[in-house]
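Enquirer: Next comes the structure file work14.txt, holding compact mmCIF, C-alpha atoms.
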# COMPACT_ATOMS: atom_id res chain seq x y z
CA MET G 1 10.65 -5.29 18.57
CA GLU G 2 9.34 -2.03 20.06
CA GLN G 3 5.79 -1.24 19.04
CA ARG G 4 5.32 2.25 17.66
CA THR G 5 2.32 4.29 18.64
CA TYR G 6 0.61 7.51 17.58
CA ASN G 7 -0.13 8.30 21.25
CA GLN G 8 -3.62 9.48 20.38
CA TYR G 9 -6.80 8.54 22.22
CA CYS G 10 -8.65 8.07 18.93
CA ALA G 11 -10.25 4.90 17.55
CA THR G 12 -8.53 5.29 14.17
CA ALA G 13 -5.13 5.91 15.73
CA ARG G 14 -5.54 3.02 18.17
CA THR G 15 -6.45 0.71 15.28
CA LEU G 16 -3.41 1.81 13.28
CA ASP G 17 -1.26 1.17 16.35
CA LEU G 18 -2.38 -2.47 16.03
CA ILE G 19 -2.37 -3.05 12.26
CA GLY G 20 -0.62 -0.08 10.67
CA GLU G 21 2.89 -1.55 10.46
CA ARG G 22 4.13 -2.74 7.06
CA TRP G 23 2.96 -6.28 6.14
CA THR G 24 0.54 -6.53 9.08
CA LEU G 25 -2.65 -5.81 7.14
CA LEU G 26 -1.55 -8.17 4.37
CA LEU G 27 -1.22 -10.93 6.97
CA ILE G 28 -4.80 -10.21 8.00
CA ARG G 29 -5.77 -10.40 4.31
CA GLU G 30 -4.18 -13.84 3.98
CA LEU G 31 -5.91 -15.19 7.10
CA LEU G 32 -9.34 -13.88 6.08
CA THR G 33 -9.53 -16.80 3.62
CA GLY G 34 -8.82 -19.40 6.31
CA PRO G 35 -6.05 -20.69 8.60
CA LYS G 36 -2.53 -20.65 7.18
CA ARG G 37 0.73 -22.31 8.12
CA PHE G 38 3.85 -20.20 8.63
CA GLY G 39 5.22 -21.51 5.32
CA ASP G 40 1.98 -20.65 3.51
CA LEU G 41 2.34 -17.04 4.63
CA GLN G 42 5.96 -16.94 3.52
CA HIS G 43 4.97 -18.25 0.09
CA SER G 44 2.21 -15.69 -0.39
CA LEU G 45 4.19 -12.72 0.92
CA ARG G 46 7.44 -12.79 -1.01
CA GLY G 47 9.84 -10.21 0.38
CA LEU G 48 8.73 -10.65 3.99
CA GLY G 49 11.71 -12.15 5.81
CA THR G 50 11.37 -15.02 8.27
CA GLY G 51 12.38 -12.90 11.28
CA LEU G 52 9.98 -10.07 10.50
CA LEU G 53 7.14 -12.52 9.78
CA ALA G 54 7.69 -14.19 13.15
CA ALA G 55 7.71 -10.79 14.88
CA ARG G 56 4.51 -9.71 13.15
CA MET G 57 2.75 -12.96 14.06
CA LYS G 58 3.82 -12.63 17.70
CA HIS G 59 2.47 -9.08 17.72
CA LEU G 60 -0.88 -10.11 16.23
CA GLU G 61 -1.18 -13.02 18.66
CA ARG G 62 -0.27 -10.84 21.64
CA GLU G 63 -2.88 -8.27 20.62
CA GLY G 64 -5.63 -10.89 20.28
CA LEU G 65 -6.07 -10.72 16.51
CA ILE G 66 -4.82 -14.22 15.70
CA HIS G 67 -4.38 -17.50 17.55
CA LYS G 68 -2.66 -20.80 16.91
CA VAL G 69 -4.65 -23.78 15.67
CA THR G 70 -3.98 -27.29 14.36
CA LEU G 71 -5.21 -28.02 10.87
CA PRO G 72 -7.61 -30.96 10.58
CA PRO G 73 -6.56 -34.32 9.09
CA PRO G 74 -4.75 -35.19 6.96
CA ALA G 75 -2.53 -32.13 7.55
CA ARG G 76 -2.52 -32.06 11.39
CA THR G 77 0.04 -29.25 11.31
CA PRO G 78 0.24 -26.02 13.34
CA ALA G 79 -1.28 -22.94 11.71
CA TYR G 80 -2.61 -19.49 12.48
CA ALA G 81 -6.23 -18.32 12.35
CA LEU G 82 -8.02 -15.06 13.04
CA THR G 83 -9.84 -14.44 16.29
CA GLN G 84 -13.25 -12.77 16.27
CA ALA G 85 -11.53 -9.39 16.50
CA GLY G 86 -9.36 -10.28 13.51
CA GLU G 87 -12.32 -11.53 11.48
CA GLU G 88 -14.15 -8.26 12.05
CA LEU G 89 -11.39 -6.48 10.12
CA GLY G 90 -12.75 -8.21 7.00
CA PRO G 91 -15.10 -5.40 5.87
CA ALA G 92 -12.28 -2.85 6.25
CA VAL G 93 -9.91 -4.97 4.15
CA LEU G 94 -12.57 -5.44 1.46
CA ALA G 95 -13.25 -1.69 1.44
CA LEU G 96 -9.53 -1.05 0.92
CA ALA G 97 -9.51 -3.57 -1.93
CA ARG G 98 -12.47 -1.89 -3.62
CA TRP G 99 -10.81 1.51 -3.23
CA GLY G 100 -7.58 0.10 -4.67
CA LEU G 101 -9.34 -1.38 -7.69
CA LYS G 102 -10.71 2.07 -8.47
CA TRP G 103 -7.85 4.36 -7.48
CA ALA G 104 -4.58 2.42 -7.13
CA MET G 105 -4.13 -0.53 -9.48
CA GLY G 106 -2.99 0.77 -12.86
CA GLU G 107 -0.67 -1.42 -14.93
CA PRO G 108 1.25 -4.26 -13.19
CA LEU G 109 4.94 -3.56 -12.63
CA GLU G 110 7.61 -6.04 -13.69
CA GLN G 111 8.82 -6.64 -10.13
CA GLU G 112 5.34 -7.17 -8.69
CA THR G 113 4.17 -10.68 -7.82
CA PHE G 114 0.64 -11.87 -8.48
CA HIS G 115 -1.05 -14.87 -6.86
CA PRO G 116 -4.35 -16.06 -8.40
CA GLY G 117 -5.38 -17.21 -4.93
CA TRP G 118 -5.75 -13.59 -3.87
CA ALA G 119 -8.95 -13.64 -5.92
CA VAL G 120 -10.59 -15.67 -3.13
CA LEU G 121 -10.87 -12.35 -1.29
CA GLY G 122 -11.03 -10.25 -4.46
CA LEU G 123 -14.24 -11.96 -5.56
CA ARG G 124 -15.87 -10.81 -2.33
CA ALA G 125 -14.69 -7.25 -2.96
CA CYS G 126 -16.23 -7.23 -6.46
CA PHE G 127 -19.43 -9.06 -5.56
CA ASP G 128 -22.70 -7.30 -6.42
CA ALA G 129 -25.18 -8.46 -3.79
CA GLU G 130 -28.15 -6.79 -5.47
CA ALA G 131 -27.47 -8.54 -8.77
CA ALA G 132 -27.22 -11.83 -6.87
CA ALA G 133 -30.66 -11.58 -5.26
CA SER G 134 -32.52 -14.91 -5.73
CA VAL G 135 -29.43 -16.41 -7.42
CA ARG G 136 -28.05 -19.75 -6.25
CA ALA G 137 -24.95 -20.98 -8.07
CA LEU G 138 -21.60 -22.61 -7.40
CA TYR G 139 -18.59 -21.51 -9.45
CA GLU G 140 -15.20 -23.21 -9.54
CA PHE G 141 -12.09 -21.42 -10.83
CA ARG G 142 -8.96 -23.26 -11.95
CA VAL G 143 -6.06 -20.86 -12.49
CA ASP G 144 -2.81 -22.68 -13.25
CA GLU G 145 -2.24 -24.75 -10.07
CA GLU G 146 -4.71 -22.78 -7.95
CA ILE G 147 -8.30 -23.95 -7.45
CA PHE G 148 -10.93 -22.00 -5.55
CA HIS G 149 -14.67 -21.62 -5.65
CA ALA G 150 -17.48 -19.18 -4.94
CA ARG G 151 -20.92 -20.12 -3.62
CA ILE G 152 -23.69 -17.60 -4.35
CA ASP G 153 -26.85 -17.88 -2.26
CA ASP G 154 -29.55 -15.21 -2.60
CA GLY G 155 -27.35 -12.10 -2.37
CA THR G 156 -24.60 -13.63 -0.22
CA ILE G 157 -21.22 -15.06 -1.20
CA GLU G 158 -18.80 -17.55 0.30
CA THR G 159 -15.37 -17.95 -1.33
CA VAL G 160 -13.03 -20.78 -0.37
CA HIS G 161 -9.72 -22.24 -1.48
CA GLY G 162 -10.02 -25.69 -3.03
CA PRO G 163 -12.40 -27.46 -5.42
CA ALA G 164 -16.19 -27.31 -5.19
CA GLN G 165 -18.55 -30.26 -4.95
CA HIS G 166 -20.81 -30.40 -8.01
CA PRO G 167 -20.12 -26.86 -9.33
CA ASP G 168 -22.59 -25.33 -11.77
CA LEU G 169 -19.74 -23.85 -13.81
CA ILE G 170 -15.99 -24.47 -14.04
CA ILE G 171 -13.72 -21.72 -15.38
CA THR G 172 -10.23 -22.82 -16.42
CA ILE G 173 -7.77 -20.07 -17.26
CA GLY G 174 -4.03 -19.35 -17.29
CA GLY G 175 -2.42 -17.11 -14.70
CA GLU G 176 -1.45 -14.32 -17.11
CA ALA G 177 -4.92 -14.21 -18.65
CA PHE G 178 -6.46 -14.20 -15.19
CA ARG G 179 -4.26 -11.27 -14.17
CA ASP G 180 -5.56 -9.39 -17.22
CA LEU G 181 -9.11 -10.07 -16.05
CA ALA G 182 -8.29 -8.82 -12.55
CA ALA G 183 -6.74 -5.66 -14.02
CA GLY G 184 -9.80 -5.03 -16.19
CA ARG G 185 -7.72 -5.27 -19.37
CA SER G 186 -9.86 -8.05 -20.82
CA THR G 187 -13.14 -9.83 -20.19
CA LEU G 188 -13.94 -13.48 -19.62
CA ALA G 189 -15.81 -13.55 -22.91
CA GLU G 190 -12.68 -12.32 -24.70
CA ALA G 191 -10.51 -14.89 -22.90
CA ILE G 192 -12.86 -17.71 -23.91
CA SER G 193 -12.99 -16.39 -27.46
CA ASN G 194 -9.20 -16.28 -27.86
CA GLY G 195 -8.68 -19.66 -26.21
CA THR G 196 -6.91 -18.53 -23.03
CA ALA G 197 -9.91 -19.66 -20.94
CA THR G 198 -12.57 -22.35 -21.11
CA ALA G 199 -15.95 -22.69 -19.41
CA SER G 200 -17.80 -25.93 -18.80
CA GLY G 201 -21.19 -26.41 -17.20
CA ASP G 202 -24.40 -24.41 -16.99
CA ARG G 203 -24.46 -21.79 -19.77
CA GLN G 204 -26.94 -19.66 -17.84
CA ALA G 205 -24.50 -19.53 -14.93
CA LEU G 206 -21.82 -18.37 -17.37
CA ARG G 207 -24.02 -15.62 -18.80
CA ARG G 208 -24.88 -14.44 -15.29
CA LEU G 209 -21.25 -14.32 -14.09
CA HIS G 210 -20.33 -10.86 -15.40
CA ARG G 211 -23.29 -9.32 -13.55
CA LEU G 212 -22.38 -10.92 -10.22
CA PHE G 213 -18.82 -9.60 -10.12
CA ARG G 214 -18.19 -6.01 -11.18
CA LEU G 215 -14.83 -4.25 -11.27
CA PRO G 216 -15.10 -0.53 -10.47
CA GLN G 217 -14.18 1.85 -13.27
CA PRO G 218 -10.51 2.82 -12.74
CA GLN G 219 -9.91 6.48 -11.92
CA THR G 220 -6.76 8.60 -12.01
CA ARG G 221 -5.96 10.20 -8.66
CA SER G 222 -4.04 13.16 -10.08
CA THR G 223 -7.02 14.39 -12.10
CA ALA G 224 -9.76 13.45 -9.68
CA GLN G 225 -12.00 16.37 -8.77
CA ALA G 226 -13.22 16.89 -5.25
CA PRO G 227 -16.97 16.34 -4.82
CA ALA G 228 -19.06 19.45 -5.08
CA PRO G 229 -20.14 20.91 -1.72
CA SER G 230 -23.70 20.04 -0.77
Would you mind giving the structure from this file in structure tokens?

Expert:
Amino acid sequence: MEQRTYNQYCATARTLDLIGERWTLLLIRELLTGPKRFGDLQHSLRGLGTGLLAARMKHLEREGLIHKVTLPPPARTPAYALTQAGEELGPAVLALARWGLKWAMGEPLEQETFHPGWAVLGLRACFDAEAAASVRALYEFRVDEEIFHARIDDGTIETVHGPAQHPDLIITIGGEAFRDLAAGRSTLAEAISNGTATASGDRQALRRLHRLFRLPQPQTRSTAQAPAPS
């Protein structure tokens, strides 16, 4: 597959030459939460055909953004992981996510898929480091069949797929209710009150949760005013 180029000696254009094709940045998003098998990527990115996925992965590997690895036991299966260059795209992806939460989300469309596991990265995008100063807590989230956790340590966050060891708080919630939380259409307190979510563990950790993760206030692009000149 011929690689398209902007033919501009510009850092932004050169970067878009590498990751600007459709699906490419979403593949980076998936790998930012850890190595993935080819089948894992297919499952998360419905609509991306096998041939195009293979072509995109070859492109990313050729350009030094991903490399092949073998998952540790008991899996011992081939997978893909980000290189250092790929990992350093993380802040850009999180910035895009924060921008999208404010300017692009709106109501979910009927044909759109939603994977609770995307919250592993979404939690990082919504994390308020200042509010987490001096806070140490381990949160586990169980959303339908997905389990992931977030470790807060004095203003830093680590989010990982899979269960936590000795979490301070466990949140159990259905996928539809969790999507409503992600869209800002409801709060965790409302979900617990109406029975679509439960929380077990440290009550102080529960009370602190809404301060640690903040969704930006949604804005409408068509009515947004340009900032006043300084």

Enquirer: Mind dumping a table of every segment 134-181 of chain G residue within 8 Å of segment 188-197 of chain G, with the nearest atom pair and its distance in Å to one decimal, using all atoms listed in the file, sorted by chain and rising number, as a tab-separated table?

Expert:
residue	atom	partner	partner_atom	distance
G:Ile171	CA	G:Ala197	CA	7.0
G:Thr172	CA	G:Ala197	CA	5.5
G:Ile173	CA	G:Ala197	CA	4.3
G:Gly174	CA	G:Thr196	CA	6.5
G:Ala177	CA	G:Thr196	CA	6.5
G:Leu181	CA	G:Leu188	CA	6.9

Enquirer: Extract, using all atoms listed in the file, all DNA, RNA and protein residues at most 9 Å from Gly86 of chain G, discarding same-chain residues fewer than 3 positions from it, and format them as a list in words.

Expert: Ile28, Leu31, Leu32, Leu60, Gly64, Leu65, Ile66, Ala81, Leu82, Thr83, Leu89 and Gly90 of chain G

Enquirer: With distances taken over all atoms listed in the file, which residue among G:Asp180, G:Glu140, G:Glu21, G:Asp128 lies nearest Met105 of chain G?

Expert: G:Asp180

Enquirer: Let me make sure I understand: among G:Ile147, G:Phe178, G:Trp103, G:Thr50, which one has the smallest atom-to-atom distance to Ser222 of chain G if we use all atoms listed in the file?

Expert: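 Nearest to Ser222 of chain G: G:Trp103.
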
Enquirer: So what do you get for atom CA of Pro35 of chain G versus atom CA of Tyr80 of chain G, distance-wise?

Expert: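 Result for atom CA of Pro35 of chain G versus atom CA of Tyr80 of chain G: 5.3 Å, one decimal.
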
Enquirer: As an exercise, work out the distance from atom CA of His67 of chain G to atom CA of Gly47 of chain G in Å and give it to one decimal place.

Expert: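 Between atom CA of His67 of chain G and atom CA of Gly47 of chain G the gap works out to 23.5 Å.
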
Enquirer: Return the single residue from G:Trp23, G:Phe38, G:Tyr9, G:Phe213 that is closest to Glu130 of chain G, with distances computed using all atoms listed in the file.

Expert: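 Result for the nearest residue to Glu130 of chain G: G:Phe213.
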
Enquirer: For Gln217 of chain G, which residue out of G:Ala199, G:Ala95, G:Leu101, G:Leu18 is the nearest one, using all atoms listed in the file?

Expert: G:Leu101

Enquirer: Nearest to Lys102 of chain G: which of G:Thr187, G:Ala125, G:Leu27, G:Gly51 is it, counting only C-alpha atoms?

Expert: G:Ala125

Enquirer: Do you know which residues are at most 10 Å from His166 of chain G counting all atoms listed in the file, after dropping those on the same chain fewer than 4 positions away, and could you put them as a PyMOL selection string?

Expert: chain G and resi 138-140+170

Enquirer: Which is closer to Gly162 of chain G than all the others in G:Gly34, G:Ala137, G:Arg46, G:Ala13, using only C-alpha atoms?

Expert: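 The answer is G:Gly34, which sits nearest to Gly162 of chain G.
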
Enquirer: Give me, as an NGL selection string, all polymer residues having an atom no more than 10 Å from Ala104 of chain G, counting all atoms listed in the file and skipping those fewer than 5 positions away in the same chain.

Expert: :G and (97-99 or 218-221)

Enquirer: Residues near Gly122 of chain G, anyone? I mean within 9 Å using only C-alpha atoms, not counting same-chain ones fewer than 4 positions away, as a PyMOL selection string.

Expert: chain G and resi 94+97-98+117-118+126-127+182

Enquirer: Suppose you want the space between atom CA of His115 of chain G and atom CA of Ala75 of chain G; what is it in Å?

Expert: 22.5 Å
